[in-house]
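Below is one structure, written out as structure tokens, with a few remarks after it.
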Amino acid sequence: MRKFVTTTAIAAVMVALGAGVSARAAENVEVLHWWTSGGEAAALDVLKKDLESKGITWTDMPVAGGGGTEAMTVLRARVTAGNAPTAVQMLGFDILDWAKEGALGNLDEVASKEGWDKVVPGALQQFSKYDGHWIAAPVNVHSTNWVWINKAALDKAGGKEPQNWDELIALLDNFKAQGITPVAHGGQPWQDATIFDAVVLSLGNDFYKKAFIDLDPETLGSDQMKEAFDRMTKLRSYVDDNFSGRDWNLASAMVIEDKAGLQFMGDWAKGEFLKAGKKPGTDFVCMRFPGTQGSVTFNSDQFAMFKVADDKVPAQLAMASAIESPVFQSAFNVVKGSVPARTDVPDTDFDDCGKKGIKDLAEANASGTLYGSMAHGHANPAAVKNAIYDVVTRQFNGELSSEEATKELVAAVEGAK
Ligand code: BGC
């Protein structure tokens with residue numbers, strides 16, 4: 001009898017354990033992302049740990065490559081094979097493209113319970129919702145029109161932040177005279193395009209809007225666009241000989257290690273400075289690209305949630321809920337260099353660059369000078385973005401004159417629309 005009870009008890013425990021194991025297996029998220037640099041990985045860790053504390057395990061699917069081009073290629077292959085990940089880091093128009101294909105799940109239940117409509121800015125909601133339904137959970141807001149300057153080198157040059165193009169060029173000449181590389185840059189299409197975002201914006205808000213948001217052929221083919229390409233040629237003269245193919249975080253490292261004067265890059269660069277123990281205002285200076293003060297070209301990392309098996313949906317919803325929690329939004333974005341994707345998160349824990357980022361975003365939003373970043377998928381669908389990348393990169397590398405690039409830009413955008 002005793003033996004029987006024991007066996008039954010053991011069997012019961014086995015069943016319970018089995019159930020527990022399968023319940024736990026369902027509480028797993030497989031996440032595809034391109035956050036592989038030091039600063040990015042540190043931020044991602046905040047998310048992993050947050051989920052782990054809620055009993056959700058993490059299966060990591062990293063695909064290196066800034067801007068996410070490579071990650072999007074891998075994603076296409078996964079979905080084609082009928083094996084979509086639970087959640088995918090994604091930018092702007094890519095989210096809408098997947099939604100159109102009917103590949104994304106539905107987060108309405110958690111979004112309405114938690115009132116996301118009221119706290120997520122409209123500029124992000126246009127990419128988090130499709131057909132009135134929530135399909136993605138916004139993690140942050142980054143922006144691309146930033147400059148990251150080595151403070152010691154700036155001090156040596158007189159300490160004044162350049163306010164316009166001429167002052168910027170004077171500063172770069174000074175860096176050259178100091179014997180450092182003036183511009184730390186990685187020659188990859190998305191990095192060239194990131195600089196182009198800022199250069200075009202520095203020639204006027206209307207110009208940026210008409211060129212990249214409206215895709216107005218006249219603006220794309222204008223003398224002003226030729227001027228934008230001329231400026232790219234000028235900036236190209238300040239990069240080092242080994243710039244080609246260099247990853248963005250290695251370019252950040254050049255500024256961090258006093259080898260270069262500055263980097264034009266989105267605020268994910270701040271994550272690298274922080275990871276290296278550098279302090280804003282002491283070791284480095286963050287400022288808007290000269291001539292773009294008061295305007296913001298933004299991009300927002302969102303986790304697009306794919307249609308998954310029913311038993312995986314609870315973990316997916318839990319992940320979405322965790323991402324939108326105000327406490328998480330602060331903790332994550334403090335490390336990542338971005339600012340919260342909600343309007344009700346206090347800036348208390350953010351450093352001066354983060355506080356400036358939050359303020360700039362709110363002001364640009366209020367004054368109508370907040371624009372989607374062309375380089376980071378928030379101005380146009382991928383086909384148009386890639387067509388622009390191609391022309392910008394060929395011009396930056398001297399394959400096209402400014403005049404030729406201006407003409408090609410009109411044709412490339414027209415062909416990709
Ligand atoms: C993403 C950032 C990322 C950067 C470099 C951008 O497109 O929005 O989160 O850090 O690419 O990888």
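For the structure tokens, the naming scheme is as follows: chains receive sequential letters (A, B, ...) according to their order of presentation, residues are indexed from 1 within each chain, and ligands are indexed from 1 in presentation order.
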What residues have any atom no more than 9 Å from ligand 1 when counting only C-alpha atoms and all ligand atoms, and can you list them as a ChimeraX atom specification? /A:34-37,39-40,64-69,89-91,140-144,190,248-249,266-269,271,299-302,336-338,375-377
Could you pull the residues within 12 Å of Asp310 in chain A, counting only C-alpha atoms, minus those fewer than 6 positions along the same chain, as a ChimeraX atom specification? /A:26-27,86,105-106,316-317
Run DSSP on the backbone and give me the residues of range 102-220 of chain A it puts in alpha helix (DSSP H), as a ChimeraX atom specification. /A:108-114,116-119,122-128,151-156,165-177,189-202,205-208,217-220
Please, which residues in range 200-314 of chain A fall within 12 Å of range 381-398 of chain A when counting only C-alpha atoms, and what is the closest atom pair and distance in Å to one decimal for each, ordered by chain then residue number, as CSV?
```
residue,atom,partner,partner_atom,distance
A:Val200,CA,A:Val392,CA,11.6
A:Ala211,CA,A:Ile388,CA,10.8
A:Phe212,CA,A:Lys385,CA,9.2
A:Ile213,CA,A:Pro381,CA,10.7
A:Asp214,CA,A:Val384,CA,11.8
A:Leu215,CA,A:Val384,CA,9.4
A:Leu220,CA,A:Ile388,CA,10.4
A:Met225,CA,A:Val392,CA,11.2
A:Lys226,CA,A:Gln395,CA,10.8
A:Ala228,CA,A:Val392,CA,10.3
A:Phe229,CA,A:Gln395,CA,7.4
A:Asp230,CA,A:Gln395,CA,9.5
A:Arg231,CA,A:Phe396,CA,9.9
A:Met232,CA,A:Phe396,CA,6.3
A:Thr233,CA,A:Phe396,CA,6.2
A:Lys234,CA,A:Phe396,CA,9.5
A:Leu235,CA,A:Phe396,CA,9.0
A:Arg236,CA,A:Phe396,CA,6.7
A:Ser237,CA,A:Phe396,CA,9.9
A:Val239,CA,A:Phe396,CA,11.2
A:Asp241,CA,A:Asn397,CA,11.9
A:Phe243,CA,A:Asn397,CA,10.8
A:Ser244,CA,A:Asn397,CA,9.2
A:Gly245,CA,A:Thr393,CA,11.6
```
Of the candidates A:Asn242, A:Asn145, A:Thr73, A:Asn28, which shows the shortest atom-to-atom distance to Ile56 in chain A, using only C-alpha atoms?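 Residue with the minimum atom-to-atom distance to Ile56 in chain A: A:Asn28.
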Mind pulling up the distance from CA of Lys151 in chain A to CA of Val255 in chain A?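 Computing it gives 9.4 Å between the two atoms.
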With only C-alpha atoms as the counted atoms, please give the residues lying no more than 10 Å from Ile323 in chain A, apart from itself and same-chain residues fewer than 6 positions off, as a VMD selection string. chain A and resid 47 50 to 51 137 to 140 302 to 303 317 329 332 341
May I have the residues within 6 Å of range 406-408 of chain A as a PyMOL selection string, using only C-alpha atoms and disregarding those fewer than 3 positions away in the same chain? chain A and resi 221+226+403+411-412
Mind checking which residues fall within 9 Å of Phe273 in chain A, counting only C-alpha atoms, ignoring those fewer than 5 positions away in the same chain, and posting them as a ChimeraX atom specification? /A:39,252-253,255-256,278-280,283-284
